[in-house]
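Colleague: Take this structure first; my questions come after.
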Amino acid sequence: MFGTLFAHKNKYTFVLFALLFLIFILMPLLTNNLFLLSVLMTAYIYIIFAMSWDVFSGYVHLMNFGQALFVGLAGYLTAFLDKFYGVPPILVLLSSAIFCGLIGVSVGFLTLRHRGPYFAMITIAFAAVAHESSIMFSKVTGGEEGIPGISSLTNSTTGDYYFILITMAIIFLFFLWFTRGRYGLILKGISQNEDAVLASGINTPLIKTITFALSGALCGIGGSLYAYSIMQVGPTSFSQSLSTTILIMAIVGGMGTITGPFVGALILVILNEQLRTIGEYRLLLYTVLLVAIIFLAPKGIVSYAGPLGKKIGLLPRQQDELSNK
Amino acid sequence: MEQIVEIIIFGSIKGCVYALIAAGFTLIFAVAGILNLAHGTFYMLGAYISLFLFKTVGIPLFPSIFLAAALTGGLGVLMDFVLLRPMRHSHAYVLVLTVAVAFAGEEIILLLFGPRGQNIPNLIKGSTNILGVIVSWHQVIIIPITLCILFALWLVLTKTKYGIATLSVSMSELGARFVGIDPEQIFKLAMFVSTFLAAVAGAIISPILSMTPRMWEMPLMKAFVIVVIGGMGSLPGSILAAFFLGWLETFTGFIVSPKLTEVFSLAMLTLFLVFRPSGILGRRL
């Protein structure tokens, strides 16, 4: 059943991802290394971020440079709900999703009418406003320090691990379902020629707004998990460098594929932990990698070595480069 | 009364620096359609390279600023040639690549100069008293330097062959091709001028604001605010908006609260982007 969600009924991808998830599921049984588990948890959270970025920007090709807006909003919401009202995690995740979805609808409604680079500028601006405000209104947000002391998701690391893994898997399957069907086709169409899609009777501003809200809502879930996993939230979760990291992960993996950002985020987070010694300069490494990928394999890692990528079907049908936008 | 003079003077100084930053940012957007998110990086490079030339190489301050600006201009052309030229048709790629350059630039400066804040000395020492307000000479001479540069830019753009070619490319690239102008050359020229202006701005402000590897964010956000208020691609609009923003920020800083200036200008940006994205002097979308 899930096989069809991957590219053109290709069994290989399904098998590949099924194996990957099997390894993920078995990981806590195979190892007692808590560090490894925490790295994987971080990776899953970043996978959620990168996939939710991809579902909008990767498909529509309107660059969102402020994905951290949703991460930060969800993080602060989590901190408030958890610390001051003691709301259980599941409800917090739900309310984060609804809240970020609503923010996504309003931002999308206001801005998606404009074409060209305006959207990118607006996303940068909104994230910057949120970043500044989170430092400014220190009475509510704790200023630079943020809000520490968020409780953990469950009582054990293994519990946290499975909680995050399951959430990530559900979001992954949802995104696959969403983009491999009619909506994915419409979004690709918008990226190619919006007027043509409009002319075939599809309300493209509506579709774009819905997709943007969806991207925000699911990124909000990721943002909540992020706040839970590091047990605090601060202005850095609104930062431009987080937005850029998410964007780089998705592009390195392969935009407009969902599987690409999955692979990209996984590889980059693990790479980042391996290269902890140069931690401070990881963005430099990322950017070099990004430029290399853009020039050598513009469709991302999942398209690597064309025929292989096509054969195992990591790419959806009608994969194409970024075109005029 | 004194406060009004203070706001006018400090606002004008701020406005001058903003005008230099925004003029370059809007020029390259108008001519080549490049929204250069690495513009702040060139501002930073201008400051750091002039520090390097002044301190390590030992060139006098004034020439080292302009030499640094010219070198930065060269780097800008190099970035355009290596990274952006193959992808220029796509806004998405240009944005992604320039943001990558911006972050890489920050890390490289961090690697070379360290995270500590640094300053280059004032161009002219001492201070003066204008209508009861004490202003350092360095801040005062920022105004004539900026006005000279902007006047020179206006002369180049309207009176010389290259300037007229630049304006024609900004109006229509295809049309310019028809009359025998090579847009690639013009893009290079515009990129040079754009990054040159940013570098000068970075170098002349760094005696006042100390330079850190994160200093590129401020001018980028300001350039954003200014070009959006002034109208994307409109050079006079940007310069007007730069002074407007300079005064407005100084006003907010003096009268309301210095903490609010950042949020205030970002809020202006958001309002303009949402309700009037063409700005005050731009063409309507």
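Naming works like this for the structure tokens: A, B, ... for the chains as they're shown, residue 1 at the start of each chain, ligands 1 onward in shown order.
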Output as JSON, numbers by chain the set of chain B residues within 9 Å of chain A, with distances taken over only C-alpha atoms.
Modeller: {"B": [35, 83, 89, 90, 91, 92, 93, 95, 96, 97, 99, 100, 101, 103, 104, 105, 106, 107, 108, 110, 111, 221, 224, 225, 259, 260, 262, 263, 266, 267, 269, 270, 273, 274, 275, 277, 285]}
Colleague: Find the spatial neighbours of Gly254 (chain A), counting only C-alpha atoms, within a cut-off of 8 Å - ignore same-chain residues fewer than 2 positions away - and output them as a list in words.
Modeller: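 With the cut-off at 8 Å, the set is Ala250, Ile251, Val252, Gly256, Thr257, Ile258, Thr259, Gly260, Pro261, Gly264, Pro298, Lys299, Gly300, Ile301, Val302 and Ser303 of chain A.
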Colleague: Env of region 160-173 of chain B: 10 Å cut, atoms = only C-alpha atoms, seq-sep filter 3 positions within chain, self excluded. Answer as a ChimeraX atom specification.
Modeller: /B:27-33,153-157,176-187,189-190,233
Colleague: Go ahead and save the residues from that selection, with C-alpha atoms, as a PDB file, in the first residue's frame.
Modeller:
ATOM      1  CA  LEU B  27      21.661  49.144  -8.443  1.00  0.00           C
ATOM      2  CA  ILE B  28      22.542  45.487  -8.901  1.00  0.00           C
ATOM      3  CA  PHE B  29      18.896  44.534  -8.474  1.00  0.00           C
ATOM      4  CA  ALA B  30      17.742  47.036 -11.068  1.00  0.00           C
ATOM      5  CA  VAL B  31      20.424  46.129 -13.594  1.00  0.00           C
ATOM      6  CA  ALA B  32      20.858  42.384 -13.248  1.00  0.00           C
ATOM      7  CA  GLY B  33      17.806  41.344 -11.230  1.00  0.00           C
ATOM      8  CA  LEU B 153      27.593  57.846  -9.156  1.00  0.00           C
ATOM      9  CA  TRP B 154      24.952  60.137 -10.616  1.00  0.00           C
ATOM     10  CA  LEU B 155      27.509  61.644 -13.033  1.00  0.00           C
ATOM     11  CA  VAL B 156      28.709  58.221 -14.144  1.00  0.00           C
ATOM     12  CA  LEU B 157      25.198  56.892 -14.599  1.00  0.00           C
ATOM     13  CA  ALA B 176      20.118  46.811 -24.888  1.00  0.00           C
ATOM     14  CA  ARG B 177      21.338  43.756 -26.780  1.00  0.00           C
ATOM     15  CA  PHE B 178      19.637  45.059 -29.923  1.00  0.00           C
ATOM     16  CA  VAL B 179      21.588  48.300 -29.862  1.00  0.00           C
ATOM     17  CA  GLY B 180      24.870  46.500 -29.376  1.00  0.00           C
ATOM     18  CA  ILE B 181      25.409  46.588 -25.615  1.00  0.00           C
ATOM     19  CA  ASP B 182      26.858  43.476 -24.015  1.00  0.00           C
ATOM     20  CA  PRO B 183      24.798  42.977 -20.829  1.00  0.00           C
ATOM     21  CA  GLU B 184      27.469  40.728 -19.317  1.00  0.00           C
ATOM     22  CA  GLN B 185      29.925  43.626 -19.277  1.00  0.00           C
ATOM     23  CA  ILE B 186      27.317  45.879 -17.736  1.00  0.00           C
ATOM     24  CA  PHE B 187      26.492  43.299 -15.063  1.00  0.00           C
ATOM     25  CA  LEU B 189      30.347  46.939 -13.951  1.00  0.00           C
ATOM     26  CA  ALA B 190      27.178  47.161 -11.862  1.00  0.00           C
ATOM     27  CA  GLY B 233      15.094  49.133  -8.395  1.00  0.00           C
TER      28      GLY B 233
END
Colleague: Which residues are near Phe42 (chain B)? Cut-off 8 Å, only C-alpha atoms, ignore same chain within fewer than 6 positions. Put them as a ChimeraX atom specification.
Modeller: /B:72,76,195,198-199,216
Colleague: CA of Ile190 (chain A) and CA of Thr211 (chain A) are how many Å apart?
Modeller: 12.0 Å
Colleague: Rounded to one decimal in Å, what is the spacing between CA of Leu53 (chain B) and CA of Val193 (chain B)?
Modeller: 20.5 Å
Colleague: Tell me, in Å to one decimal, how far CA of Val94 (chain B) is from CA of Gly114 (chain B).
Modeller: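 CA of Gly114 (chain B) lies at a distance of 28.7 Å from CA of Val94 (chain B).
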Colleague: Which of region 13-243 of chain B counts as helix (DSSP H, G or I) under DSSP, as an MDAnalysis selection string please?
Modeller: chainID B and resid 13:32 39:57 61:87 91:113 137:159 161:171 173:178 183:205 217:230 235:243
Colleague: Would you please work out which residue, of A:Val87, A:Ala292, A:Ile267, A:Ile164, is nearest to Ser151 (chain A) when using only C-alpha atoms?
Modeller: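 Checking each candidate against Ser151 (chain A), we get A:Val87 as the closest.
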Colleague: Within 10 Å of Met215 (chain B), counting only C-alpha atoms, which residues show up once you throw out same-chain ones fewer than 2 positions away? Write them as a ChimeraX atom specification, please.
Modeller: /B:40-41,43-45,47,106,117,202,206,209-213,217-220
Colleague: Using C-alpha atoms, can you write the selected residues to a file as a CSV table (one decimal), in the first residue's frame?
Modeller:
chain,number,residue,atom,x,y,z
B,40,GLY,CA,26.2,42.8,3.9
B,41,THR,CA,29.2,40.5,3.4
B,43,TYR,CA,30.2,45.8,3.6
B,44,MET,CA,32.0,43.6,6.1
B,45,LEU,CA,34.8,42.8,3.7
B,47,ALA,CA,35.8,47.1,6.8
B,106,GLU,CA,31.0,35.2,8.2
B,117,GLY,CA,35.2,43.4,18.0
B,202,GLY,CA,31.5,49.4,5.9
B,206,SER,CA,33.8,50.9,11.4
B,209,LEU,CA,30.5,50.7,15.1
B,210,SER,CA,33.1,48.1,15.9
B,211,MET,CA,33.4,45.3,13.4
B,212,THR,CA,32.6,41.7,14.2
B,213,PRO,CA,32.0,38.7,12.0
B,217,GLU,CA,23.4,41.3,9.1
B,218,MET,CA,22.6,44.9,10.0
B,219,PRO,CA,23.3,46.4,6.6
B,220,LEU,CA,21.5,43.7,4.8
Colleague: Give me, as an NGL selection string, all polymer residues having an atom no more than 8 Å from Leu51 (chain B), counting only C-alpha atoms and skipping those fewer than 4 positions away in the same chain.
Modeller: :B and (47 or 55-56 or 119-120)
